[in-house]
file work-v6.csv (CSV, C-alpha atoms)
chain,number,residue,atom,x,y,z
A,1,MET,CA,-38.1,178.8,36.8
A,2,ARG,CA,-40.8,181.4,36.7
A,3,ARG,CA,-41.5,182.5,33.2
A,4,TYR,CA,-40.8,186.1,32.3
A,5,SER,CA,-43.7,187.9,30.6
A,6,ALA,CA,-45.6,191.2,30.5
A,7,PHE,CA,-48.0,189.8,33.0
A,8,ALA,CA,-45.2,188.9,35.4
A,9,ILE,CA,-43.9,192.4,35.2
A,10,ALA,CA,-47.3,193.9,35.9
A,11,ARG,CA,-47.8,191.5,38.8
A,12,GLU,CA,-44.5,192.3,40.4
A,13,ALA,CA,-45.0,196.0,39.8
A,14,ALA,CA,-48.2,195.8,41.8
A,15,ARG,CA,-46.2,194.5,44.8
A,16,TYR,CA,-43.2,196.8,44.4
A,17,HIS,CA,-41.1,194.1,42.7
A,18,THR,CA,-40.5,192.1,45.9
A,19,GLY,CA,-41.4,188.7,44.4
A,20,TRP,CA,-38.6,188.3,41.9
A,21,GLU,CA,-36.5,185.2,42.4
A,22,ARG,CA,-32.8,184.9,41.6
A,23,ALA,CA,-32.1,184.3,37.9
A,24,TRP,CA,-29.9,181.2,38.6
A,25,ARG,CA,-28.9,179.1,41.6
A,26,SER,CA,-25.5,179.5,43.4
A,27,PRO,CA,-25.0,176.0,44.9
A,28,GLN,CA,-22.0,174.5,46.6
A,29,PRO,CA,-20.2,171.9,44.4
A,30,LYS,CA,-21.2,168.3,44.7
A,31,ALA,CA,-18.7,165.5,45.1
A,32,GLU,CA,-19.1,164.3,41.5
A,33,TYR,CA,-20.7,165.3,38.2
A,34,ASP,CA,-21.2,163.6,34.9
A,35,ALA,CA,-19.4,166.5,33.2
A,36,ILE,CA,-17.6,169.6,34.4
A,37,ILE,CA,-17.2,172.7,32.2
A,38,VAL,CA,-14.5,175.1,33.2
A,39,GLY,CA,-15.4,178.6,32.3
A,40,ALA,CA,-18.8,180.4,32.8
A,41,GLY,CA,-18.5,182.6,29.7
A,42,GLY,CA,-20.9,182.5,26.8
A,43,HIS,CA,-19.4,179.3,25.2
A,44,GLY,CA,-19.3,177.4,28.5
A,45,LEU,CA,-22.8,178.3,29.5
A,46,ALA,CA,-24.1,177.5,26.1
A,47,THR,CA,-22.4,174.1,26.2
A,48,ALA,CA,-24.1,173.4,29.5
A,49,TYR,CA,-27.5,174.5,28.3
A,50,TYR,CA,-27.4,172.4,25.1
A,51,LEU,CA,-26.1,169.4,27.1
A,52,ALA,CA,-29.2,169.6,29.2
A,53,LYS,CA,-31.7,170.6,26.5
A,54,ASN,CA,-30.5,168.5,23.6
A,55,HIS,CA,-28.9,165.5,25.3
A,56,GLY,CA,-30.7,165.3,28.7
A,57,ILE,CA,-27.4,165.5,30.6
A,58,THR,CA,-28.2,167.7,33.6
A,59,ASN,CA,-25.7,166.5,36.3
A,60,VAL,CA,-23.3,169.2,35.0
A,61,ALA,CA,-21.2,171.8,36.8
A,62,VAL,CA,-19.9,175.0,35.3
A,63,VAL,CA,-17.0,176.3,37.4
A,64,GLU,CA,-15.8,179.9,37.1
A,65,LYS,CA,-12.8,181.5,38.9
A,66,GLY,CA,-14.4,184.9,38.8
A,67,TRP,CA,-18.0,185.9,38.1
A,68,LEU,CA,-20.3,184.7,35.4
A,69,GLY,CA,-19.7,186.4,32.1
A,70,GLY,CA,-16.8,188.5,33.5
A,71,GLY,CA,-14.3,187.5,30.8
A,72,ASN,CA,-14.4,188.0,27.1
A,73,THR,CA,-18.2,187.6,27.0
A,74,GLY,CA,-18.6,190.9,28.7
A,75,ARG,CA,-15.7,192.6,27.0
A,76,ASN,CA,-16.4,192.5,23.3
A,77,THR,CA,-18.1,194.6,20.6
A,78,THR,CA,-21.2,192.2,20.2
A,79,ILE,CA,-20.9,191.7,16.4
A,80,ILE,CA,-22.9,188.8,14.9
A,81,ARG,CA,-22.2,187.6,11.3
A,82,SER,CA,-21.6,184.5,9.3
A,83,ASN,CA,-20.1,185.7,6.0
A,84,TYR,CA,-16.9,183.8,6.3
A,85,LEU,CA,-14.9,182.1,3.5
A,86,GLN,CA,-14.2,178.5,4.4
A,87,PRO,CA,-17.1,176.0,4.4
A,88,SER,CA,-16.4,174.8,8.0
A,89,SER,CA,-16.3,178.4,9.3
A,90,MET,CA,-19.5,179.3,7.5
A,91,ALA,CA,-21.3,176.3,8.9
A,92,VAL,CA,-20.6,177.0,12.6
A,93,PHE,CA,-21.1,180.8,12.3
A,94,GLU,CA,-24.3,180.5,10.3
A,95,LYS,CA,-25.5,177.9,12.9
A,96,SER,CA,-24.8,180.6,15.5
A,97,ARG,CA,-26.5,183.4,13.6
A,98,SER,CA,-29.6,181.3,13.0
A,99,LEU,CA,-29.8,180.3,16.7
A,100,TYR,CA,-29.4,184.0,17.8
A,101,GLU,CA,-32.5,184.9,15.8
A,102,ASP,CA,-35.0,183.3,18.2
A,103,LEU,CA,-32.7,182.8,21.2
A,104,SER,CA,-34.7,185.2,23.3
A,105,GLN,CA,-37.8,183.1,22.9
A,106,GLN,CA,-35.9,179.8,23.5
A,107,LEU,CA,-34.3,181.1,26.7
A,108,ASN,CA,-37.3,183.3,27.8
A,109,TYR,CA,-34.8,186.1,28.3
A,110,ASN,CA,-34.4,189.2,26.1
A,111,ILE,CA,-30.9,189.1,24.7
A,112,MET,CA,-31.7,192.2,22.7
A,113,PHE,CA,-30.7,190.6,19.4
A,114,SER,CA,-30.8,193.3,16.7
A,115,PRO,CA,-30.4,192.1,13.0
A,116,ARG,CA,-29.4,195.5,11.9
A,117,GLY,CA,-26.9,194.3,9.2
A,118,VAL,CA,-23.1,194.1,9.0
A,119,LEU,CA,-21.2,195.9,6.3
A,120,MET,CA,-17.6,194.9,5.4
A,121,LEU,CA,-15.8,197.7,3.6
A,122,ALA,CA,-13.4,197.1,0.7
A,123,GLN,CA,-10.8,199.9,0.8
A,124,THR,CA,-8.2,198.4,-1.5
A,125,GLU,CA,-8.4,196.5,-4.8
A,126,HIS,CA,-7.1,193.3,-3.0
A,127,GLU,CA,-9.8,193.6,-0.4
A,128,LYS,CA,-12.5,194.1,-3.1
A,129,ARG,CA,-11.4,190.9,-4.9
A,130,ALA,CA,-11.4,189.1,-1.5
A,131,TRP,CA,-15.0,190.1,-0.8
A,132,GLU,CA,-16.0,189.0,-4.2
A,133,ARG,CA,-14.5,185.6,-3.5
A,134,THR,CA,-16.2,185.4,-0.1
A,135,TRP,CA,-19.6,186.5,-1.7
A,136,HIS,CA,-19.4,183.6,-4.1
A,137,ALA,CA,-18.6,181.2,-1.3
A,138,ASN,CA,-21.5,182.5,0.8
A,139,ARG,CA,-23.8,182.2,-2.2
A,140,ILE,CA,-22.9,178.5,-2.7
A,141,ALA,CA,-23.4,177.8,1.0
A,142,GLY,CA,-26.8,179.5,0.9
A,143,ILE,CA,-25.8,182.4,3.2
A,144,GLU,CA,-27.5,185.7,2.4
A,145,SER,CA,-24.9,188.4,1.6
A,146,GLU,CA,-24.6,191.0,-1.1
A,147,LEU,CA,-21.8,192.9,-2.9
A,148,VAL,CA,-22.5,196.6,-2.7
A,149,THR,CA,-21.2,199.7,-4.5
A,150,PRO,CA,-19.9,202.9,-2.8
A,151,GLU,CA,-23.2,204.6,-3.7
A,152,ARG,CA,-25.2,201.8,-2.0
A,153,ILE,CA,-22.8,202.0,1.0
A,154,LYS,CA,-23.5,205.7,1.3
A,155,GLU,CA,-27.3,205.0,1.4
A,156,ILE,CA,-26.8,202.4,4.2
A,157,VAL,CA,-24.4,204.6,6.2
A,158,PRO,CA,-24.9,208.3,5.5
A,159,ILE,CA,-22.2,209.4,7.9
A,160,ILE,CA,-19.5,207.6,6.0
A,161,GLU,CA,-16.9,209.3,3.8
A,162,THR,CA,-16.4,207.1,0.7
A,163,GLY,CA,-13.8,209.3,-1.1
A,164,GLY,CA,-11.0,209.3,1.5
A,165,PRO,CA,-7.5,210.2,0.0
A,166,ARG,CA,-5.7,207.2,1.4
A,167,TYR,CA,-8.3,204.5,1.7
A,168,PRO,CA,-11.4,205.3,-0.4
A,169,VAL,CA,-14.3,203.0,-0.2
A,170,LEU,CA,-14.4,200.9,-3.3
A,171,GLY,CA,-17.3,198.6,-2.4
A,172,GLY,CA,-18.2,196.2,0.3
A,173,LEU,CA,-19.9,193.0,1.4
A,174,TRP,CA,-23.3,193.4,3.1
A,175,GLN,CA,-25.0,190.8,5.3
A,176,PRO,CA,-28.4,192.2,6.1
A,177,ARG,CA,-29.3,189.5,8.7
A,178,GLY,CA,-26.1,190.1,10.7
A,179,GLY,CA,-26.2,192.4,13.7
A,180,THR,CA,-25.6,192.7,17.4
A,181,ALA,CA,-26.9,191.4,20.8
A,182,ARG,CA,-26.5,192.4,24.4
A,183,HIS,CA,-23.4,190.4,25.5
A,184,ASP,CA,-24.3,190.3,29.2
A,185,ALA,CA,-27.8,189.2,28.4
A,186,VAL,CA,-26.6,186.2,26.4
A,187,ALA,CA,-24.6,184.9,29.3
A,188,TRP,CA,-27.4,185.6,31.8
A,189,GLY,CA,-30.0,184.0,29.6
A,190,TYR,CA,-28.0,180.8,29.1
A,191,ALA,CA,-27.1,180.7,32.8
A,192,ARG,CA,-30.8,181.1,33.9
A,193,ALA,CA,-32.1,178.4,31.5
A,194,ALA,CA,-29.3,175.9,32.3
A,195,SER,CA,-29.7,176.4,36.0
A,196,ALA,CA,-33.5,175.8,35.7
A,197,MET,CA,-32.7,172.4,34.1
A,198,GLY,CA,-30.4,171.4,37.0
A,199,VAL,CA,-27.0,172.6,35.9
A,200,ASP,CA,-24.9,173.9,38.9
A,201,ILE,CA,-23.1,177.2,38.2
A,202,ILE,CA,-20.3,177.6,40.7
A,203,GLN,CA,-18.7,181.1,40.7
A,204,GLN,CA,-15.6,182.2,42.6
A,205,CYS,CA,-14.2,178.6,42.2
A,206,GLU,CA,-10.8,178.6,40.6
A,207,VAL,CA,-9.4,175.3,39.1
A,208,THR,CA,-6.0,174.7,40.6
A,209,GLY,CA,-5.3,171.2,39.2
A,210,VAL,CA,-6.6,168.4,37.0
A,211,ASP,CA,-6.6,164.9,38.4
A,212,ARG,CA,-6.0,161.9,36.0
A,213,ASP,CA,-4.9,158.3,36.0
A,214,ALA,CA,-3.9,155.8,33.4
A,215,ASP,CA,-7.4,155.8,31.9
A,216,GLY,CA,-7.8,159.6,31.7
A,217,VAL,CA,-9.3,162.4,33.7
A,218,THR,CA,-10.8,161.6,37.1
A,219,GLY,CA,-11.6,165.1,38.4
A,220,ILE,CA,-10.3,168.6,39.3
A,221,GLN,CA,-8.9,170.4,42.2
A,222,THR,CA,-10.5,173.8,43.0
A,223,THR,CA,-10.4,176.5,45.7
A,224,LYS,CA,-13.7,174.9,46.9
A,225,GLY,CA,-12.3,171.4,47.1
A,226,ALA,CA,-11.9,168.4,44.8
A,227,ILE,CA,-14.7,167.4,42.4
A,228,ARG,CA,-14.8,164.1,40.6
A,229,THR,CA,-15.8,163.6,36.9
A,230,LYS,CA,-15.0,161.5,33.9
A,231,LYS,CA,-15.6,164.3,31.4
A,232,LEU,CA,-13.9,167.7,31.6
A,233,CYS,CA,-14.5,170.4,29.1
A,234,ILE,CA,-12.1,173.4,29.1
A,235,VAL,CA,-13.7,176.6,27.7
A,236,VAL,CA,-11.7,179.4,29.2
A,237,ALA,CA,-10.6,181.5,26.1
A,238,GLY,CA,-7.3,183.3,26.8
A,239,ASN,CA,-6.4,181.0,29.7
A,240,SER,CA,-6.8,177.8,27.7
A,241,GLY,CA,-3.1,177.2,27.6
A,242,VAL,CA,-2.9,177.4,31.4
A,243,LEU,CA,-5.6,174.8,31.9
A,244,ALA,CA,-4.2,172.6,29.2
A,245,ASP,CA,-0.8,172.7,31.0
A,246,MET,CA,-2.6,171.5,34.2
A,247,ALA,CA,-4.1,168.6,32.3
A,248,GLY,CA,-0.7,167.6,30.8
A,249,PHE,CA,-0.8,168.8,27.2
A,250,ARG,CA,0.1,171.9,25.1
A,251,LEU,CA,-2.1,174.0,22.8
A,252,PRO,CA,-1.0,175.9,19.7
A,253,VAL,CA,-2.5,179.1,20.9
A,254,GLU,CA,-1.2,182.5,22.0
A,255,SER,CA,-3.0,184.9,24.3
A,256,VAL,CA,-3.1,188.6,23.5
A,257,ALA,CA,-5.3,191.6,24.5
A,258,LEU,CA,-8.0,192.9,22.2
A,259,GLN,CA,-9.1,196.4,23.0
A,260,ALA,CA,-12.2,198.4,22.5
A,261,LEU,CA,-13.9,201.7,23.6
A,262,VAL,CA,-17.2,203.5,23.5
A,263,SER,CA,-17.9,207.2,23.0
A,264,GLU,CA,-20.2,209.5,24.9
A,265,PRO,CA,-23.8,208.8,23.8
A,266,ILE,CA,-25.1,210.8,20.9
A,267,LYS,CA,-28.3,210.9,18.8
A,268,PRO,CA,-28.9,207.9,16.4
A,269,CYS,CA,-26.7,208.3,13.4
A,270,MET,CA,-25.8,204.7,12.3
A,271,ASP,CA,-28.1,201.7,12.3
A,272,CYS,CA,-25.7,199.0,11.2
A,273,VAL,CA,-22.3,197.6,12.0
A,274,VAL,CA,-19.4,198.7,9.8
A,275,MET,CA,-16.1,196.8,9.7
A,276,ALA,CA,-13.1,198.6,8.0
A,277,ASN,CA,-10.5,195.9,8.0
A,278,THR,CA,-7.9,197.7,5.9
A,279,VAL,CA,-7.5,200.3,8.7
A,280,HIS,CA,-8.4,197.7,11.3
A,281,GLY,CA,-11.4,199.3,12.9
A,282,TYR,CA,-15.0,198.5,13.3
A,283,MET,CA,-17.9,200.5,14.7
A,284,SER,CA,-21.6,200.4,15.6
A,285,GLN,CA,-24.0,202.4,17.7
A,286,SER,CA,-25.4,201.0,20.9
A,287,ASP,CA,-29.0,201.3,22.0
A,288,LYS,CA,-27.9,203.9,24.5
A,289,GLY,CA,-26.3,206.0,21.7
A,290,GLU,CA,-22.7,205.2,22.3
A,291,MET,CA,-20.4,204.6,19.4
A,292,VAL,CA,-18.9,201.2,20.0
A,293,ILE,CA,-15.4,201.0,18.5
A,294,GLY,CA,-13.0,198.1,18.2
A,295,GLY,CA,-9.7,197.5,16.6
A,296,GLY,CA,-7.0,194.9,16.2
A,297,ALA,CA,-5.3,192.7,18.9
A,298,ASP,CA,-2.1,193.7,20.6
A,299,GLY,CA,1.1,192.8,18.8
A,300,PHE,CA,2.6,191.0,21.8
A,301,ASN,CA,1.5,188.2,24.2
A,302,ASN,CA,-0.2,189.4,27.4
A,303,TYR,CA,-3.0,188.7,29.8
A,304,THR,CA,-4.1,192.2,30.5
A,305,GLN,CA,-7.8,193.3,30.6
A,306,ARG,CA,-7.0,197.0,30.5
A,307,GLY,CA,-6.9,199.3,27.5
A,308,SER,CA,-3.9,201.4,26.4
A,309,PHE,CA,-4.0,204.9,25.1
A,310,GLN,CA,-1.6,204.0,22.3
A,311,HIS,CA,-3.8,201.3,20.8
A,312,ILE,CA,-7.0,203.4,21.2
A,313,GLU,CA,-5.3,206.3,19.4
A,314,GLU,CA,-4.2,204.1,16.5
A,315,THR,CA,-7.7,202.7,16.1
A,316,VAL,CA,-9.5,206.0,16.3
A,317,ARG,CA,-7.0,207.8,14.0
A,318,ALA,CA,-7.5,205.1,11.4
A,319,LEU,CA,-11.3,205.4,11.5
A,320,ILE,CA,-11.5,209.2,11.5
A,321,GLU,CA,-10.7,209.4,7.7
A,322,THR,CA,-13.7,207.1,7.0
A,323,PHE,CA,-16.0,208.6,9.7
A,324,PRO,CA,-14.9,212.2,10.2
A,325,MET,CA,-17.7,212.9,12.7
A,326,ILE,CA,-16.1,210.8,15.4
A,327,SER,CA,-13.2,213.2,15.7
A,328,ARG,CA,-15.5,215.4,17.8
A,329,LEU,CA,-16.5,212.7,20.2
A,330,LYS,CA,-15.2,212.1,23.7
A,331,MET,CA,-14.3,208.7,24.9
A,332,LEU,CA,-16.5,207.4,27.7
A,333,ARG,CA,-14.7,204.2,28.6
A,334,GLN,CA,-12.3,201.6,27.3
A,335,TRP,CA,-11.4,198.0,28.1
A,336,GLY,CA,-9.5,194.9,27.0
A,337,GLY,CA,-10.2,191.2,26.7
A,338,ILE,CA,-7.8,188.2,26.6
A,339,VAL,CA,-8.2,186.4,23.2
A,340,ASP,CA,-6.6,183.1,22.3
A,341,MET,CA,-5.2,183.1,18.7
A,342,THR,CA,-4.3,179.9,16.7
A,343,GLY,CA,-2.0,179.9,13.8
A,344,ASP,CA,-4.8,179.7,11.2
A,345,ARG,CA,-7.0,182.0,13.2
A,346,SER,CA,-9.7,179.4,13.4
A,347,PRO,CA,-11.0,177.8,16.7
A,348,ILE,CA,-10.3,174.4,18.2
A,349,ILE,CA,-13.2,172.2,19.2
A,350,GLY,CA,-12.2,168.7,19.9
A,351,THR,CA,-10.8,165.9,22.0
A,352,THR,CA,-7.3,166.1,23.6
A,353,PRO,CA,-4.4,163.7,24.3
A,354,VAL,CA,-6.0,163.1,27.7
A,355,PRO,CA,-9.0,160.8,27.5
A,356,GLY,CA,-12.1,162.5,28.8
A,357,VAL,CA,-10.8,166.0,28.4
A,358,PHE,CA,-12.3,168.2,25.7
A,359,ILE,CA,-11.3,171.6,24.5
A,360,ASN,CA,-13.1,174.6,23.0
A,361,CYS,CA,-10.8,177.6,22.4
A,362,GLY,CA,-9.0,179.6,19.8
A,363,TRP,CA,-11.9,181.8,18.7
A,364,GLY,CA,-9.6,184.8,18.7
A,365,THR,CA,-11.4,188.1,18.0
A,366,GLY,CA,-14.7,186.4,16.9
A,367,GLY,CA,-15.9,184.4,19.9
A,368,PHE,CA,-19.1,186.3,20.7
A,369,LYS,CA,-20.8,185.7,17.4
A,370,ALA,CA,-20.1,182.0,17.7
A,371,ILE,CA,-21.6,181.4,21.2
A,372,PRO,CA,-24.8,179.4,20.3
A,373,GLY,CA,-23.2,177.3,17.5
A,374,SER,CA,-20.1,176.7,19.6
A,375,GLY,CA,-22.2,175.6,22.5
A,376,TRP,CA,-24.3,173.3,20.3
A,377,ALA,CA,-21.3,171.6,18.7
A,378,THR,CA,-19.4,171.3,22.0
A,379,ALA,CA,-22.4,169.8,23.7
A,380,GLU,CA,-22.6,167.2,21.0
A,381,MET,CA,-18.9,166.3,21.5
A,382,VAL,CA,-19.1,166.0,25.2
A,383,ALA,CA,-22.3,163.9,25.1
A,384,ASP,CA,-20.9,161.5,22.4
A,385,GLY,CA,-17.3,161.5,23.4
A,386,ALA,CA,-16.3,162.7,19.9
A,387,PRO,CA,-17.1,165.7,17.7
A,388,ARG,CA,-19.9,165.5,15.1
A,389,ALA,CA,-19.9,167.1,11.7
A,390,LEU,CA,-20.2,170.8,12.9
A,391,ALA,CA,-17.1,170.5,15.1
A,392,ALA,CA,-15.0,167.9,13.3
A,393,PRO,CA,-13.0,170.2,11.1
A,394,PHE,CA,-11.8,172.2,14.1
A,395,SER,CA,-10.1,169.3,15.8
A,396,LEU,CA,-6.8,169.7,17.6
A,397,ASP,CA,-5.0,167.2,15.4
A,398,ARG,CA,-5.4,169.4,12.3
A,399,PHE,CA,-2.2,171.2,13.2
A,400,THR,CA,-0.2,168.0,13.1
A,401,GLU,CA,-1.9,166.7,10.0
A,402,GLY,CA,-1.5,170.0,8.1
A,403,ARG,CA,-5.2,170.6,7.2
A,404,MET,CA,-5.4,174.2,8.3
A,405,ILE,CA,-8.6,176.2,8.0
A,406,ASP,CA,-7.2,179.2,6.1
A,407,GLU,CA,-9.3,181.9,7.8
A,408,SER,CA,-8.7,185.1,9.7
A,409,VAL,CA,-11.5,185.5,12.3
A,410,ALA,CA,-10.9,189.3,12.5
A,411,ALA,CA,-11.2,189.9,8.7
A,412,ALA,CA,-12.9,186.8,7.2
A,413,VAL,CA,-10.4,186.7,4.4
A,414,ALA,CA,-7.8,184.1,3.4
A,415,HIS,CA,-4.2,184.7,4.4

call {"tool": "encode", "arguments": {"input": "work-v6.csv", "output": "structure tokens"}}
result
Amino acid sequence: MRRYSAFAIAREAARYHTGWERAWRSPQPKAEYDAIIVGAGGHGLATAYYLAKNHGITNVAVVEKGWLGGGNTGRNTTIIRSNYLQPSSMAVFEKSRSLYEDLSQQLNYNIMFSPRGVLMLAQTEHEKRAWERTWHANRIAGIESELVTPERIKEIVPIIETGGPRYPVLGGLWQPRGGTARHDAVAWGYARAASAMGVDIIQQCEVTGVDRDADGVTGIQTTKGAIRTKKLCIVVAGNSGVLADMAGFRLPVESVALQALVSEPIKPCMDCVVMANTVHGYMSQSDKGEMVIGGGADGFNNYTQRGSFQHIEETVRALIETFPMISRLKMLRQWGGIVDMTGDRSPIIGTTPVPGVFINCGWGTGGFKAIPGSGWATAEMVADGAPRALAAPFSLDRFTEGRMIDESVAAAVAH
């Protein structure tokens, strides 16, 4: 892999950029791999990268039915934070946030990480008490966060209206080292680095069946033929239940659409991320000037990747009271992603009833922020055959043992 640098850009500019090589290889699948990862989104690619980098396992295939990063990784609002409530949640999300800080240097690829800060508004007395509880939990865990007053919030976000008649801003929880990153670049950077270490990334290769015998998994059937393996890791977000059914077990997840939109580009007016969970909306401004707006998940199960005007109208209507200026903006585009929701709104990282099959799913609406930590923890599990400390609390058997992780990924409050 040729190293990207200012000198490389200057050299290629001198020869009209004719010498750039492909960022990652596109090989045909081999007959057998030490491990196969299904899903070339951020979590799957990060798992492959850390398998190669941290554990020296490079005979790995990442198979993807569509194109690399074409699922939820390219269909989210790019928020990165770790100010959660439960210790296990804080651990994995803080691991991710810390890895994001120097990920561009590690991957030699600019992921455009921007630690601009994330502000969680408190617009009810209940929410204010919840953020106080979360702040104490963060402080004990060593995670930097701060309780802020309405006056301080107005300083951070001048365009906000703190005295709304229905939902006035009573305070908030501020994580100054949270922020955003370029979603596509995260997937591309992991793909490029993993490919350079020998990982095969196979696109347009849909899994149609899982082969197994009395001892466990033996391989997969795909649209490009059969591939043998003794270790299979399913990392396909909203389609996790479909792949689990192929392997012969069920998952406690439901798939729903999560919708978002961006406005027309405007001059810089907001240099942080604001999440207003009472009205179920969150907003930031992209580097191109677009206001990136997201809301809650659909209230019914579906696999659509399209937005609906009804949901967009509900989200924007809720945010206009807090941000009156957005009432004058035009919508540029909208989209949807398929998220997989567990009963306790926390992910599943663990082994399955089928020996050799591992699962990483259930991230709900918060999957992007967890990509590096999730990949790190899943790579440990695939390499060892069992999860280590970071992933252990998120095992599949917690649902039968009754040890739920009482967390809502969308709001980071206990329910």

call {"tool": "closest_atom_pairs", "arguments": {"input": "work-v6.csv", "of": "region 109-172 of chain A", "to": "region 287-303 of chain A", "cutoff": "12 Å", "atoms": "only C-alpha atoms", "output": "JSON lines"}}
result
{"residue": "A:Met112", "atom": "CA", "partner": "A:Asp287", "partner_atom": "CA", "distance": 9.5}
{"residue": "A:Phe113", "atom": "CA", "partner": "A:Asp287", "partner_atom": "CA", "distance": 11.1}
{"residue": "A:Ser114", "atom": "CA", "partner": "A:Asp287", "partner_atom": "CA", "distance": 9.8}
{"residue": "A:Arg116", "atom": "CA", "partner": "A:Asp287", "partner_atom": "CA", "distance": 11.7}

call {"tool": "residues_around", "arguments": {"input": "work-v6.csv", "residues": "His183 (chain A)", "least_positions_apart": "4", "cutoff": "7 Å", "atoms": "only C-alpha atoms", "output": "PyMOL selection string"}}
result
chain A and resi 73-74+78+187

call {"tool": "closest_atom_pairs", "arguments": {"input": "work-v6.csv", "of": "region 165-246 of chain A", "to": "region 24-31 of chain A", "cutoff": "7 Å", "atoms": "only C-alpha atoms", "output": "tab-separated table"}}
result
residue	atom	partner	partner_atom	distance
A:Ala191	CA	A:Trp24	CA	6.5
A:Arg192	CA	A:Trp24	CA	4.8
A:Ser195	CA	A:Trp24	CA	5.5
A:Asp200	CA	A:Pro27	CA	6.4
A:Ile201	CA	A:Ser26	CA	6.2
A:Ile202	CA	A:Ser26	CA	6.2
A:Ile227	CA	A:Ala31	CA	5.2
A:Arg228	CA	A:Ala31	CA	6.1

call {"tool": "write_last_selection", "arguments": {"input": "work-v6.csv", "atoms": "C-alpha atoms", "output": "PDB file, in the frame of the given file"}}
result
ATOM      1  CA  ALA A 191     -27.100 180.700  32.800  1.00  0.00           C
ATOM      2  CA  ARG A 192     -30.800 181.100  33.900  1.00  0.00           C
ATOM      3  CA  SER A 195     -29.700 176.400  36.000  1.00  0.00           C
ATOM      4  CA  ASP A 200     -24.900 173.900  38.900  1.00  0.00           C
ATOM      5  CA  ILE A 201     -23.100 177.200  38.200  1.00  0.00           C
ATOM      6  CA  ILE A 202     -20.300 177.600  40.700  1.00  0.00           C
ATOM      7  CA  ILE A 227     -14.700 167.400  42.400  1.00  0.00           C
ATOM      8  CA  ARG A 228     -14.800 164.100  40.600  1.00  0.00           C
TER       9      ARG A 228
END

call {"tool": "closest_residue", "arguments": {"input": "work-v6.csv", "among": "A:Asn108, A:Ala237, A:Ala122, A:Pro87", "to": "Phe394 (chain A)", "atoms": "all atoms listed in the file"}}
result
A:Pro87

call {"tool": "atom_distance", "arguments": {"input": "work-v6.csv", "atom1": "CA of Phe368 (chain A)", "atom2": "CA of Trp135 (chain A)"}}
result
22.4 Å

call {"tool": "closest_residue", "arguments": {"input": "work-v6.csv", "among": "A:Ser145, A:Ser374, A:Gln334, A:Ser263", "to": "Ser286 (chain A)", "atoms": "only C-alpha atoms"}}
result
A:Ser263

call {"tool": "atom_distance", "arguments": {"input": "work-v6.csv", "atom1": "CA of Gly66 (chain A)", "atom2": "CA of Ala181 (chain A)"}}
result
22.9 Å

call {"tool": "closest_residue", "arguments": {"input": "work-v6.csv", "among": "A:Met1, A:Leu119, A:Ala389, A:Val62", "to": "Tyr282 (chain A)", "atoms": "all atoms listed in the file"}}
result
A:Leu119

call {"tool": "residues_around", "arguments": {"input": "work-v6.csv", "residues": "region 43-47 of chain A", "least_positions_apart": "3", "cutoff": "6 Å", "atoms": "only C-alpha atoms", "output": "list in words"}}
result
Gly39, Ala40, Tyr50, Tyr190, Ala191, Val235, Ile371, Gly375, Thr378 and Ala379 of chain A

call {"tool": "residues_around", "arguments": {"input": "work-v6.csv", "residues": "Asp245 (chain A)", "least_positions_apart": "2", "cutoff": "12 Å", "atoms": "all atoms listed in the file", "output": "number ranges by chain"}}
result
A: 208-210, 234, 239-243, 247-252, 352-354

call {"tool": "residues_near_point", "arguments": {"input": "work-v6.csv", "point": "(-10.5, 185.9, 41.0)", "cutoff": "9 Å", "atoms": "all atoms listed in the file", "output": "JSON, numbers by chain"}}
result
{"A": [64, 65, 66, 67, 204, 205, 206]}

call {"tool": "atom_distance", "arguments": {"input": "work-v6.csv", "atom1": "CA of Thr400 (chain A)", "atom2": "CA of Ala244 (chain A)"}}
result
17.2 Å

call {"tool": "closest_residue", "arguments": {"input": "work-v6.csv", "among": "A:Asn76, A:Gln123, A:Asn59, A:Asn110", "to": "Ile338 (chain A)", "atoms": "only C-alpha atoms"}}
result
A:Asn76

call {"tool": "closest_residue", "arguments": {"input": "work-v6.csv", "among": "A:Ser5, A:Thr322, A:Thr77, A:Gln310", "to": "Ser104 (chain A)", "atoms": "all atoms listed in the file"}}
result
A:Ser5

call {"tool": "residues_around", "arguments": {"input": "work-v6.csv", "residues": "region 271-281 of chain A", "least_positions_apart": "2", "cutoff": "9 Å", "atoms": "only C-alpha atoms", "output": "number ranges by chain"}}
result
A: 79, 115-124, 127, 156-157, 167, 176, 178-180, 268-269, 283-285, 293-296, 315-316, 318-319, 322, 410-411

call {"tool": "residues_around", "arguments": {"input": "work-v6.csv", "residues": "Arg333 (chain A)", "least_positions_apart": "6", "cutoff": "12 Å", "atoms": "all atoms listed in the file", "output": "list in words"}}
result
Arg75, Gln259, Ala260, Leu261, Val262, Ser263, Glu264, Pro265, Glu290, Met291, Val292, Ile293, Arg306, Gly307, Ser308, Phe309 and Ile312 of chain A

call {"tool": "write_last_selection", "arguments": {"input": "work-v6.csv", "atoms": "C-alpha atoms", "output": "compact mmCIF listing (two decimals), in the frame of the given file"}}
result
# COMPACT_ATOMS: atom_id res chain seq x y z
CA ARG A 75 -15.70 192.60 27.00
CA GLN A 259 -9.10 196.40 23.00
CA ALA A 260 -12.20 198.40 22.50
CA LEU A 261 -13.90 201.70 23.60
CA VAL A 262 -17.20 203.50 23.50
CA SER A 263 -17.90 207.20 23.00
CA GLU A 264 -20.20 209.50 24.90
CA PRO A 265 -23.80 208.80 23.80
CA GLU A 290 -22.70 205.20 22.30
CA MET A 291 -20.40 204.60 19.40
CA VAL A 292 -18.90 201.20 20.00
CA ILE A 293 -15.40 201.00 18.50
CA ARG A 306 -7.00 197.00 30.50
CA GLY A 307 -6.90 199.30 27.50
CA SER A 308 -3.90 201.40 26.40
CA PHE A 309 -4.00 204.90 25.10
CA ILE A 312 -7.00 203.40 21.20
